[in-house]
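Trainee: As input, take work.cif (mmCIF, C-alpha atoms and all ligand atoms):
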data_target
#
loop_
_atom_site.label_atom_id
_atom_site.label_comp_id
_atom_site.auth_asym_id
_atom_site.auth_seq_id
_atom_site.Cartn_x
_atom_site.Cartn_y
_atom_site.Cartn_z
CA MET A 68 11.54 78.85 15.76
CA SER A 69 9.66 77.56 18.83
CA LEU A 70 11.14 76.90 22.24
CA ALA A 71 10.74 73.17 21.64
CA ASP A 72 12.73 73.47 18.38
CA ASP A 73 15.47 75.33 20.23
CA LEU A 74 15.65 72.66 22.92
CA TYR A 75 15.75 69.89 20.33
CA ARG A 76 18.55 71.66 18.47
CA GLU A 77 20.51 72.17 21.66
CA THR A 78 20.23 68.49 22.58
CA ILE A 79 21.36 67.38 19.12
CA LEU A 80 24.32 69.77 19.16
CA ASP A 81 25.34 68.68 22.65
CA HIS A 82 25.42 65.02 21.63
CA TYR A 83 27.23 65.89 18.39
CA HIS A 84 29.95 67.89 20.13
CA HIS A 85 30.21 65.51 23.11
CA PRO A 86 29.22 62.09 21.80
CA ARG A 87 28.67 59.56 24.61
CA ASN A 88 30.07 56.05 24.61
CA GLN A 89 32.31 56.49 21.58
CA GLY A 90 35.01 53.87 21.20
CA VAL A 91 35.69 50.21 20.77
CA ILE A 92 35.08 47.12 22.91
CA ASP A 93 37.80 44.50 22.42
CA ASP A 94 35.78 41.39 23.09
CA PRO A 95 32.12 42.27 22.46
CA THR A 96 29.24 39.82 22.35
CA VAL A 97 28.35 41.33 19.02
CA GLN A 98 29.98 43.84 16.69
CA LEU A 99 28.25 45.15 13.62
CA GLU A 100 28.88 47.74 10.94
CA GLY A 101 26.15 49.91 9.53
CA VAL A 102 26.45 52.01 6.37
CA ASN A 103 24.30 54.79 5.01
CA PRO A 104 24.27 53.95 1.30
CA LEU A 105 23.28 57.52 0.37
CA CYS A 106 26.51 59.06 1.63
CA GLY A 107 28.82 56.17 2.48
CA ASP A 108 29.08 57.16 6.14
CA GLU A 109 29.50 54.25 8.49
CA ILE A 110 29.37 53.23 12.12
CA THR A 111 30.51 50.22 14.09
CA LEU A 112 28.42 49.15 17.06
CA TYR A 113 29.80 47.04 19.90
CA LEU A 114 27.55 45.41 22.48
CA VAL A 115 28.34 43.34 25.55
CA ILE A 116 25.31 41.30 26.58
CA ASN A 117 24.99 39.52 29.89
CA ASN A 118 21.90 37.49 30.77
CA GLY A 119 19.91 39.14 28.01
CA THR A 120 20.82 42.66 29.10
CA ILE A 121 23.05 45.20 27.34
CA SER A 122 25.75 45.72 29.95
CA ASP A 123 28.09 47.79 27.77
CA VAL A 124 27.82 49.62 24.48
CA ARG A 125 30.26 51.57 22.33
CA LEU A 126 29.96 53.20 18.98
CA LYS A 127 32.58 54.21 16.44
CA SER A 128 30.93 56.76 14.18
CA LYS A 129 32.04 58.44 11.00
CA GLY A 130 29.15 60.52 9.86
CA CYS A 131 27.20 63.72 9.95
CA SER A 132 25.97 65.59 13.00
CA ILE A 133 22.55 63.91 12.98
CA ASN A 134 24.10 60.46 12.75
CA MET A 135 26.57 61.21 15.55
CA ALA A 136 23.93 62.73 17.82
CA SER A 137 21.41 59.98 17.20
CA GLY A 138 24.01 57.29 17.90
CA SER A 139 25.15 59.02 21.08
CA MET A 140 21.58 59.29 22.37
CA MET A 141 20.96 55.68 21.46
CA THR A 142 23.90 54.42 23.50
CA GLU A 143 22.57 56.24 26.57
CA ALA A 144 19.04 54.96 26.03
CA ILE A 145 19.94 51.28 25.66
CA SER A 146 22.76 50.92 28.17
CA GLY A 147 21.62 48.56 30.92
CA GLN A 148 18.42 47.63 29.08
CA PRO A 149 17.17 44.11 28.41
CA LEU A 150 17.28 43.22 24.69
CA GLN A 151 13.49 43.11 24.55
CA ARG A 152 13.25 46.68 25.86
CA ALA A 153 15.99 47.86 23.49
CA THR A 154 13.97 46.43 20.60
CA GLU A 155 10.87 48.27 21.81
CA ILE A 156 12.87 51.52 21.95
CA VAL A 157 14.06 50.99 18.36
CA GLU A 158 10.43 50.58 17.27
CA LEU A 159 9.39 53.75 19.11
CA ILE A 160 12.13 55.77 17.41
CA LYS A 161 11.29 54.38 13.97
CA ASP A 162 7.65 55.22 14.55
CA MET A 163 8.58 58.72 15.69
CA LEU A 164 10.65 59.33 12.54
CA LEU A 165 8.70 57.40 9.93
CA GLY A 166 5.21 56.90 11.33
CA LYS A 167 2.16 58.70 10.00
CA SER A 168 1.52 60.52 13.26
CA GLN A 169 3.91 63.16 14.55
CA GLU A 170 2.44 62.62 17.98
CA VAL A 171 4.39 59.62 19.18
CA SER A 172 4.93 60.21 22.86
CA LEU A 173 7.96 58.70 24.49
CA PRO A 174 8.07 57.57 28.12
CA ALA A 175 9.68 60.08 30.51
CA GLU A 176 12.98 58.19 30.73
CA LEU A 177 13.38 58.51 26.94
CA GLU A 178 12.28 62.12 26.53
CA ASP A 179 15.75 63.26 25.38
CA LEU A 180 15.18 61.19 22.27
CA GLU A 181 12.33 63.48 21.28
CA ALA A 182 15.04 65.83 20.03
CA LEU A 183 15.28 63.52 17.01
CA LYS A 184 11.69 64.30 16.10
CA GLY A 185 12.84 67.52 14.40
CA VAL A 186 14.57 65.39 11.76
CA ARG A 187 11.13 64.56 10.31
CA LYS A 188 11.22 67.99 8.68
CA TYR A 189 14.26 66.94 6.63
CA PRO A 190 13.32 63.64 4.98
CA VAL A 191 16.76 63.13 3.44
CA ARG A 192 18.30 63.18 6.94
CA ILE A 193 16.00 60.54 8.38
CA LYS A 194 18.36 57.82 7.16
CA CYS A 195 21.19 59.56 9.04
CA ALA A 196 19.22 59.45 12.29
CA LEU A 197 18.10 55.87 11.77
CA LEU A 198 21.48 54.37 10.92
CA PRO A 199 22.49 53.60 14.54
CA TRP A 200 19.01 52.27 15.36
CA ASN A 201 18.82 50.01 12.31
CA THR A 202 22.28 48.70 13.11
CA LEU A 203 21.21 48.03 16.70
CA ALA A 204 18.11 46.15 15.53
CA GLU A 205 20.27 44.00 13.27
CA ALA A 206 22.80 43.36 16.03
CA ILE A 207 20.08 42.27 18.45
CA ASN A 208 18.69 40.02 15.78
CA ASP A 209 22.14 38.47 15.30
CA VAL A 210 22.27 37.70 19.02
CA LEU A 211 18.74 36.35 19.32
CA GLU A 212 18.65 34.41 16.07
CA PRO A 213 22.27 33.69 15.10
CA ALA A 214 21.32 30.83 12.75
CA LYS A 215 19.18 33.10 10.56
CA SER A 216 21.67 35.92 10.16
FE1 LIG B 301 26.04 60.50 6.05
FE2 LIG B 301 24.25 61.70 7.50
S1 LIG B 301 25.16 62.46 5.68
S2 LIG B 301 25.04 59.73 7.79
#
Translate the structure described by the file into structure tokens.
Ligand code: FES
Mentor:
Amino acid sequence: MSLADDLYRETILDHYHHPRNQGVIDDPTVQLEGVNPLCGDEITLYLVINNGTISDVRLKSKGCSINMASGSMMTEAISGQPLQRATEIVELIKDMLLGKSQEVSLPAELEDLEALKGVRKYPVRIKCALLPWNTLAEAINDVLEPAKS
């Protein structure tokens, strides 16, 4: 196992054992559940949005280590970000996990998220890693285009 693999594993385990921003927001701008149909695991995402920016985020997760770690990393990455930027980050992560090239490079402020790249080696776990991100994309869509959702 390479040094990079070790670092990725350490980051995932740290977020799994100490998930950031877990909990509930009582009066969120948007609240959305996401389910992994393969295993039945689910999350609930809470966002507070002020002037188009995510000012608070919480996640209630019931899932595997990859799901928990990915969700935890996501909350750190999107907190304080404008919705447009959060959407761009979702696209970067999807590209990193599903894109043809393994060489998606993330900007320095998102480099922790590269730990998720290791999940590419386990195709059945990609859905676990993507659950929080897909739920976020849907939640942002609900906020930006409420009539269509
Ligand atoms: Fe259920 Fe990973 S096994 S989310």
Trainee: Using only C-alpha atoms, which residues sit within 12 Å of region 93-99 of chain A once same-chain residues fewer than 6 positions away are excluded, as a VMD selection string?
Mentor: chain A and resid 109 to 128 198 to 211 213 216
Trainee: When distances are computed from all atoms listed in the file, which of A:Ser132, A:Gln148, A:Thr154, A:Ser139 shows the smallest separation from ligand LIG 301 (chain B)?
Mentor: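 Ranking A:Ser132, A:Gln148, A:Thr154, A:Ser139 by distance to ligand LIG 301 (chain B), first place goes to A:Ser132.
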Trainee: Could you give me, as a Markdown table, every chain A residue with an atom at most 12 Å from ligand LIG 301 (chain B), plus its closest atom pair and distance in Å to one decimal, counting all atoms listed in the file, rows ordered by chain then number?
Mentor:
| residue | atom | partner | partner_atom | distance |
| --- | --- | --- | --- | --- |
| A:Gly101 | CA | B:LIG301 | S2 | 10.0 |
| A:Val102 | CA | B:LIG301 | S2 | 8.0 |
| A:Asn103 | CA | B:LIG301 | S2 | 5.7 |
| A:Pro104 | CA | B:LIG301 | FE1 | 8.3 |
| A:Leu105 | CA | B:LIG301 | FE1 | 7.0 |
| A:Cys106 | CA | B:LIG301 | FE1 | 4.7 |
| A:Gly107 | CA | B:LIG301 | FE1 | 6.3 |
| A:Asp108 | CA | B:LIG301 | FE1 | 4.5 |
| A:Glu109 | CA | B:LIG301 | S2 | 7.1 |
| A:Ile110 | CA | B:LIG301 | S2 | 8.9 |
| A:Ser128 | CA | B:LIG301 | S2 | 9.2 |
| A:Lys129 | CA | B:LIG301 | S2 | 7.8 |
| A:Gly130 | CA | B:LIG301 | S2 | 4.7 |
| A:Cys131 | CA | B:LIG301 | FE2 | 4.3 |
| A:Ser132 | CA | B:LIG301 | FE2 | 7.0 |
| A:Ile133 | CA | B:LIG301 | FE2 | 6.1 |
| A:Asn134 | CA | B:LIG301 | S2 | 5.1 |
| A:Met135 | CA | B:LIG301 | S2 | 8.0 |
| A:Ala136 | CA | B:LIG301 | FE2 | 10.4 |
| A:Ser137 | CA | B:LIG301 | S2 | 10.1 |
| A:Gly138 | CA | B:LIG301 | S2 | 10.5 |
| A:Val186 | CA | B:LIG301 | FE2 | 11.2 |
| A:Tyr189 | CA | B:LIG301 | FE2 | 11.3 |
| A:Pro190 | CA | B:LIG301 | FE2 | 11.4 |
| A:Val191 | CA | B:LIG301 | FE2 | 8.6 |
| A:Arg192 | CA | B:LIG301 | FE2 | 6.2 |
| A:Ile193 | CA | B:LIG301 | FE2 | 8.4 |
| A:Lys194 | CA | B:LIG301 | S2 | 7.0 |
| A:Cys195 | CA | B:LIG301 | FE2 | 4.0 |
| A:Ala196 | CA | B:LIG301 | FE2 | 7.3 |
| A:Leu197 | CA | B:LIG301 | S2 | 8.9 |
| A:Leu198 | CA | B:LIG301 | S2 | 7.2 |
| A:Pro199 | CA | B:LIG301 | S2 | 9.5 |
Trainee: What is the distance, in Å and to one decimal place, between CA of Leu150 (chain A) and CA of Leu183 (chain A)?
Mentor: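 These atoms are spaced 21.8 Å apart.
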Trainee: Find, counting only C-alpha atoms, the residue in A:Asp162, A:Glu170, A:Asp179, A:Arg187 that gets nearest to His82 (chain A).
Mentor: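 Closest candidate: A:Asp179.
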Trainee: One decimal, in Å: what's the spacing between CA of Gly147 (chain A) and CA of Asp72 (chain A)?
Mentor: 29.3 Å
Trainee: Between A:Ile145, A:His84, A:Gln89, A:Glu100, single out the one closest to Glu176 (chain A), counting all atoms listed in the file.
Mentor: A:Ile145
Trainee: What is the distance between CA of Gly90 (chain A) and CA of Leu180 (chain A), in Å to one decimal?
Mentor: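 Straight-line distance from CA of Gly90 (chain A) to CA of Leu180 (chain A) works out to 21.2 Å.
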Trainee: Will you model all heavy atoms for region 88-99 of chain A and pass it back as a PDB file, in the frame of the given file?
Mentor:
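Contents of selection.pdb, freshly written:
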ATOM      1  N   ASN A  88      29.787  57.464  24.874  1.00  0.00           N
ATOM      2  CA  ASN A  88      30.070  56.050  24.610  1.00  0.00           C
ATOM      3  C   ASN A  88      30.711  55.792  23.240  1.00  0.00           C
ATOM      4  O   ASN A  88      30.417  54.787  22.594  1.00  0.00           O
ATOM      5  CB  ASN A  88      28.797  55.207  24.761  1.00  0.00           C
ATOM      6  CG  ASN A  88      28.210  55.318  26.146  1.00  0.00           C
ATOM      7  OD1 ASN A  88      28.889  55.054  27.134  1.00  0.00           O
ATOM      8  ND2 ASN A  88      26.961  55.744  26.250  1.00  0.00           N
ATOM      9  N   GLN A  89      31.568  56.736  22.812  1.00  0.00           N
ATOM     10  CA  GLN A  89      32.310  56.490  21.580  1.00  0.00           C
ATOM     11  C   GLN A  89      33.504  55.597  21.898  1.00  0.00           C
ATOM     12  O   GLN A  89      34.106  55.732  22.956  1.00  0.00           O
ATOM     13  CB  GLN A  89      32.825  57.814  20.999  1.00  0.00           C
ATOM     14  CG  GLN A  89      31.792  58.592  20.215  1.00  0.00           C
ATOM     15  CD  GLN A  89      31.516  57.999  18.842  1.00  0.00           C
ATOM     16  OE1 GLN A  89      32.424  57.742  18.067  1.00  0.00           O
ATOM     17  NE2 GLN A  89      30.249  57.770  18.547  1.00  0.00           N
ATOM     18  N   GLY A  90      33.832  54.705  20.997  1.00  0.00           N
ATOM     19  CA  GLY A  90      35.010  53.870  21.200  1.00  0.00           C
ATOM     20  C   GLY A  90      34.782  52.456  20.732  1.00  0.00           C
ATOM     21  O   GLY A  90      33.859  52.175  19.967  1.00  0.00           O
ATOM     22  N   VAL A  91      35.651  51.590  21.233  1.00  0.00           N
ATOM     23  CA  VAL A  91      35.690  50.210  20.770  1.00  0.00           C
ATOM     24  C   VAL A  91      35.642  49.301  21.981  1.00  0.00           C
ATOM     25  O   VAL A  91      36.163  49.658  23.031  1.00  0.00           O
ATOM     26  CB  VAL A  91      37.021  49.977  19.999  1.00  0.00           C
ATOM     27  CG1 VAL A  91      37.257  48.530  19.706  1.00  0.00           C
ATOM     28  CG2 VAL A  91      37.051  50.806  18.719  1.00  0.00           C
ATOM     29  N   ILE A  92      34.993  48.149  21.867  1.00  0.00           N
ATOM     30  CA  ILE A  92      35.080  47.120  22.910  1.00  0.00           C
ATOM     31  C   ILE A  92      35.856  45.946  22.304  1.00  0.00           C
ATOM     32  O   ILE A  92      35.524  45.477  21.211  1.00  0.00           O
ATOM     33  CB  ILE A  92      33.661  46.671  23.356  1.00  0.00           C
ATOM     34  CG1 ILE A  92      32.931  47.847  24.020  1.00  0.00           C
ATOM     35  CG2 ILE A  92      33.759  45.487  24.329  1.00  0.00           C
ATOM     36  CD1 ILE A  92      31.479  47.557  24.375  1.00  0.00           C
ATOM     37  N   ASP A  93      36.904  45.514  22.998  1.00  0.00           N
ATOM     38  CA  ASP A  93      37.800  44.500  22.420  1.00  0.00           C
ATOM     39  C   ASP A  93      37.149  43.144  22.235  1.00  0.00           C
ATOM     40  O   ASP A  93      37.399  42.461  21.262  1.00  0.00           O
ATOM     41  CB  ASP A  93      39.053  44.361  23.305  1.00  0.00           C
ATOM     42  CG  ASP A  93      39.975  45.552  23.104  1.00  0.00           C
ATOM     43  OD1 ASP A  93      39.889  46.173  22.019  1.00  0.00           O
ATOM     44  OD2 ASP A  93      40.743  45.880  24.027  1.00  0.00           O
ATOM     45  N   ASP A  94      36.332  42.738  23.197  1.00  0.00           N
ATOM     46  CA  ASP A  94      35.780  41.390  23.090  1.00  0.00           C
ATOM     47  C   ASP A  94      34.253  41.444  23.266  1.00  0.00           C
ATOM     48  O   ASP A  94      33.705  40.936  24.245  1.00  0.00           O
ATOM     49  CB  ASP A  94      36.419  40.501  24.179  1.00  0.00           C
ATOM     50  CG  ASP A  94      36.091  39.049  23.953  1.00  0.00           C
ATOM     51  OD1 ASP A  94      35.667  38.708  22.830  1.00  0.00           O
ATOM     52  OD2 ASP A  94      36.224  38.259  24.910  1.00  0.00           O
ATOM     53  N   PRO A  95      33.570  42.067  22.306  1.00  0.00           N
ATOM     54  CA  PRO A  95      32.120  42.270  22.460  1.00  0.00           C
ATOM     55  C   PRO A  95      31.344  40.977  22.210  1.00  0.00           C
ATOM     56  O   PRO A  95      31.855  40.061  21.564  1.00  0.00           O
ATOM     57  CB  PRO A  95      31.803  43.295  21.377  1.00  0.00           C
ATOM     58  CG  PRO A  95      32.789  43.011  20.295  1.00  0.00           C
ATOM     59  CD  PRO A  95      34.042  42.549  20.984  1.00  0.00           C
ATOM     60  N   THR A  96      30.137  40.936  22.694  1.00  0.00           N
ATOM     61  CA  THR A  96      29.240  39.820  22.350  1.00  0.00           C
ATOM     62  C   THR A  96      28.871  39.911  20.887  1.00  0.00           C
ATOM     63  O   THR A  96      28.767  38.901  20.190  1.00  0.00           O
ATOM     64  CB  THR A  96      27.939  39.911  23.204  1.00  0.00           C
ATOM     65  OG1 THR A  96      28.291  40.070  24.567  1.00  0.00           O
ATOM     66  CG2 THR A  96      27.084  38.674  23.013  1.00  0.00           C
ATOM     67  N   VAL A  97      28.666  41.135  20.429  1.00  0.00           N
ATOM     68  CA  VAL A  97      28.350  41.330  19.020  1.00  0.00           C
ATOM     69  C   VAL A  97      28.937  42.661  18.553  1.00  0.00           C
ATOM     70  O   VAL A  97      28.984  43.632  19.314  1.00  0.00           O
ATOM     71  CB  VAL A  97      26.817  41.256  18.774  1.00  0.00           C
ATOM     72  CG1 VAL A  97      26.069  42.308  19.560  1.00  0.00           C
ATOM     73  CG2 VAL A  97      26.468  41.384  17.296  1.00  0.00           C
ATOM     74  N   GLN A  98      29.408  42.643  17.314  1.00  0.00           N
ATOM     75  CA  GLN A  98      29.980  43.840  16.690  1.00  0.00           C
ATOM     76  C   GLN A  98      29.406  43.915  15.291  1.00  0.00           C
ATOM     77  O   GLN A  98      29.389  42.912  14.581  1.00  0.00           O
ATOM     78  CB  GLN A  98      31.504  43.673  16.644  1.00  0.00           C
ATOM     79  CG  GLN A  98      32.202  44.658  15.750  1.00  0.00           C
ATOM     80  CD  GLN A  98      33.722  44.425  15.735  1.00  0.00           C
ATOM     81  OE1 GLN A  98      34.283  43.727  16.602  1.00  0.00           O
ATOM     82  NE2 GLN A  98      34.384  44.997  14.758  1.00  0.00           N
ATOM     83  N   LEU A  99      28.900  45.068  14.926  1.00  0.00           N
ATOM     84  CA  LEU A  99      28.250  45.150  13.620  1.00  0.00           C
ATOM     85  C   LEU A  99      28.485  46.510  12.984  1.00  0.00           C
ATOM     86  O   LEU A  99      28.424  47.536  13.668  1.00  0.00           O
ATOM     87  CB  LEU A  99      26.737  44.919  13.783  1.00  0.00           C
ATOM     88  CG  LEU A  99      25.993  44.569  12.505  1.00  0.00           C
ATOM     89  CD1 LEU A  99      26.427  43.204  11.963  1.00  0.00           C
ATOM     90  CD2 LEU A  99      24.499  44.550  12.753  1.00  0.00           C
TER      91      LEU A  99
END
